[in-house]
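Student: Sharing a structure here in structure tokens format.
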Amino acid sequence: MKKMIAMIGFILLAVTSVYAQQRVTITPAYPERGQTVTVTFDPSAPGSGIPATSKDITLVFSYSNFYNLPWRMKMHPQDGKWTTSFVLADYTVFATFYLESGEAVDKPAKDQHYEVPVYKNKVPVENGYLYKAYSLGAQMGKSPLLADKQGALYKQELALYPGNYEAKLRLLTYEIKKSTSPAQQLQLMEQAHQVITNRFNADPGNSGNLNKVTMGYLIIGENTRLDSIRKVVMERYPESAPGRELNTAARARGKDTTAQIAFFEKELQKETPDNRESFVEMHNKLFHYYAARKNSDKALYHARFLTSQQPDPYKATTWQEIAQTLQESNIVPDSARAYAQRALDSVHTYPVGVIRYFPETGYIYPYADDSTKQAVYRKASHRLHALLGLIDLQQHRLEEAGKHMELAVQADADKATLDDAAAFYQQTGNAEKLAMLAEFRKKIQWEKILQQQINKPAPVLNSFVDMQGKPVSAASLQGKIIVIDFWATWCIPCMQEMPYLQQLYDQYKNNPDVVFMITNSGARNTLADAQGWSGRKKYSFPVYYNTDPEIGEKFRFNIIPASYMIDKKGNIRFSNIGFEGPEVLPKLQGQLELLLQESSK
């Protein structure tokens, strides 16, 4: 009987796979870097999750190292089918995607997404199976089958690329967790240590190699070893790039800046054109020390070394930082102005999005549409005009300063820019402008909130338990405004957001119409992880745990933190993905206030 059930299951899986292939075709069959890939979708094919009558369809990458592409790509109708195309960059390895049209989604199977592996001569490129293993978390959630499937893929990677360092450690970690024998676990851990040791000894003075070594300890769960390996580099290889950088950071943590200056100045005697890059952080420390001491000549001397002639996406922002430091120290305003103006003239080179750097590829720039780029450039421009205004103020050039502030105070200016404008009007005693600025800021915040509104049914909230493991009562949520935030213990931005969530909770915790659900929902986290989270002692907001591995797909998020405002009718009205810094608090306050105002009418 079991064999019969297994055979039926295999047949159903095969049929599902055939139908999925009929619905979605990817050409060429073995795409290589540099080639154009075309994805075609036939909504009339059997098993389609998207109706043939749909007016728009989007390809959504659920996992991807195709960094030059947007996470969401619009498909285009053509002869009853839908297509989209993209070029594979020279570093691409693997991606998964599903298709979406409104609330309708098409996937090849319940816990499976479509794949775009990258090949070389019909063989997956290195890391292909490794990245496929990583992608399973987005597809399978917290499925008990996840670890075994990933383990099988690590083996496939090593069969093709036996020297793959990361795959070796992932496989050993998997085998350690699967083993029930303490002796075998110890033996496997020793093997993992040897893999990391071999990697370290291969090139101990190379920064990229050291990053791989520290990543190795993170993979096997020995985070505490990071400090010890860094100490080894500092003591044994002090003249290497990572050794010098680590020693610089260690020295800078002390309070005796006079001793630090003497040490750094002495070390700089070893600087040559070949090793100059490893001394940049020393120059940076000395620049700030001398600026704080108002030693203009030496501050400007070290500022010269903070940028180079080499391609660098952060050059303009470095000029801005130099200008701001000089302005805050109230020294050499002419030089501060020159640096700020240089940054303003180069504002269209400001970094947009997350720029990655790998020794083997160099800088990798992410996809950003023109509107996003222009928004970044405008904000940077406003910021620099505010900085130029403050520099002019120091030289009593009030007319020029006022003109810069007029250009700075715009609807899309960031908080720091508007704070600078407020400081300027405060120092110049312009009460009228201060009052106008305060009203302007309120108006901007409210307009942004109104534009951010959405209105779609929230998923059923039946997968949440409290810290005692008890399911959350549906009755306790009915007719309430729900503030829900998804986080994980390993998510650094989530931890950075927590103090602001606490402030929001403190402000509204006594309102009977509002319910807070700060929910642990990260992959690799368990209820025990949530229960043991140290933040439970630090924060008083209620903490919950999500048991549904598909909650991300249901709410449409693949990045955390992710927060949502659900109104009393059970509709999601606001969605906030990622951590936005201090501005997150007034944003959430405004969103919640709008829902409260609506509910009181």
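By order in the structure tokens, chains are A, B, ...; within a chain, residues start at 1; ligands start at 1, following the order shown.
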Skip Gly570 (chain A) itself and residues of its chain fewer than 3 positions away, then list as a compact mmCIF listing (two decimals) with N, CA and C atoms, in the first residue's frame all residues within 6 Å of it, counting only C-alpha atoms.
Tutor:
```txt
# COMPACT_ATOMS: atom_id res chain seq x y z
N ALA A 458 -5.99 41.44 4.63
CA ALA A 458 -4.84 40.84 5.32
C ALA A 458 -5.01 39.33 5.36
N ILE A 566 -2.86 47.07 9.97
CA ILE A 566 -4.11 46.45 9.55
C ILE A 566 -5.27 47.18 10.23
N ASP A 567 -6.24 47.64 9.42
CA ASP A 567 -7.35 48.41 10.01
C ASP A 567 -8.39 47.50 10.65
```
Student: Among the residues of region 95-333 of chain A, find those DSSP assigns to alpha helix (DSSP H) from the backbone and print them as a ChimeraX atom specification.
Tutor: /A:128-140,146-160,165-178,182-202,207-219,225-236,241-252,257-267,280-292,296-303,315-329,333
Student: Leaving out Gln452 (chain A) and any residue of its chain fewer than 2 positions from it, which residues lie within 9 Å of it when counting only C-alpha atoms, given as an mmCIF file with C-alpha atoms, in the first residue's frame?
Tutor:
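Ended up saving to out-v9.cif:
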```
data_model
loop_
_atom_site.group_PDB
_atom_site.id
_atom_site.type_symbol
_atom_site.label_atom_id
_atom_site.label_comp_id
_atom_site.auth_asym_id
_atom_site.auth_seq_id
_atom_site.Cartn_x
_atom_site.Cartn_y
_atom_site.Cartn_z
ATOM 1 C CA GLU A 447 1.373 63.747 2.439
ATOM 2 C CA LYS A 448 3.826 60.863 2.371
ATOM 3 C CA ILE A 449 1.569 58.811 4.600
ATOM 4 C CA LEU A 450 -1.473 59.492 2.428
ATOM 5 C CA ILE A 454 -2.941 50.553 0.305
ATOM 6 C CA ARG A 573 -3.430 49.758 4.904
ATOM 7 C CA PHE A 574 0.324 50.296 5.209
ATOM 8 C CA SER A 575 3.336 48.151 4.380
ATOM 9 C CA GLN A 591 0.128 55.785 9.783
#
```
Student: For the strand (DSSP E) assignment from backbone DSSP, which residues of region 345-521 of chain A qualify? Please present them as a list of chain:residue names.
Tutor: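 Put together, the selection reads A:Arg356, A:Tyr357, A:Phe358, A:Gly362, A:Tyr363, A:Ile364, A:Lys456, A:Pro457, A:Phe464, A:Val465, A:Ile481, A:Ile482, A:Val483, A:Ile484, A:Asp485, A:Phe486, A:Trp487, A:Val514, A:Val515, A:Phe516, A:Met517, A:Ile518, A:Thr519, A:Asn520.
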Student: Atoms to include: C-alpha atoms. Write the selected residues as a JSON list (two decimals), in the first residue's frame.
Tutor:
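The file below, out.json, is the result:
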```json
[["chain", "number", "residue", "atom", "x", "y", "z"],
["A", 356, "ARG", "CA", 28.46, 45.01, -3.18],
["A", 357, "TYR", "CA", 32.18, 44.46, -3.43],
["A", 358, "PHE", "CA", 33.95, 41.16, -4.06],
["A", 362, "GLY", "CA", 35.04, 44.51, -7.94],
["A", 363, "TYR", "CA", 32.05, 46.75, -7.24],
["A", 364, "ILE", "CA", 28.64, 45.38, -8.22],
["A", 456, "LYS", "CA", -6.05, 44.82, 0.51],
["A", 457, "PRO", "CA", -7.34, 41.99, 2.72],
["A", 464, "PHE", "CA", 0.75, 33.19, 15.78],
["A", 465, "VAL", "CA", 1.51, 31.96, 19.26],
["A", 481, "ILE", "CA", -6.09, 48.14, 14.54],
["A", 482, "ILE", "CA", -3.16, 45.73, 14.40],
["A", 483, "VAL", "CA", 0.47, 46.83, 14.27],
["A", 484, "ILE", "CA", 2.44, 43.76, 13.20],
["A", 485, "ASP", "CA", 6.21, 43.65, 12.76],
["A", 486, "PHE", "CA", 8.15, 40.62, 11.45],
["A", 487, "TRP", "CA", 11.71, 40.15, 12.70],
["A", 514, "VAL", "CA", -4.69, 49.07, 19.05],
["A", 515, "VAL", "CA", -2.96, 45.67, 19.24],
["A", 516, "PHE", "CA", 0.80, 45.23, 18.82],
["A", 517, "MET", "CA", 2.23, 41.96, 17.46],
["A", 518, "ILE", "CA", 6.05, 42.02, 17.35],
["A", 519, "THR", "CA", 6.47, 38.68, 15.63],
["A", 520, "ASN", "CA", 9.52, 36.46, 15.23]]
```
Student: May I ask which of the residues A:Leu594, A:Ala375, A:Ala104, A:Ile322 is the closest one to Gln341 (chain A), counting only C-alpha atoms?
Tutor: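 Using only C-alpha atoms, the shortest distance to Gln341 (chain A) belongs to A:Ile322.
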Student: Closest to Gln78 (chain A) among A:Asp419, A:Glu432, A:Glu328, A:Asp42, using only C-alpha atoms?
Tutor: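 Counting only C-alpha atoms, the residue closest to Gln78 (chain A) is A:Asp42.
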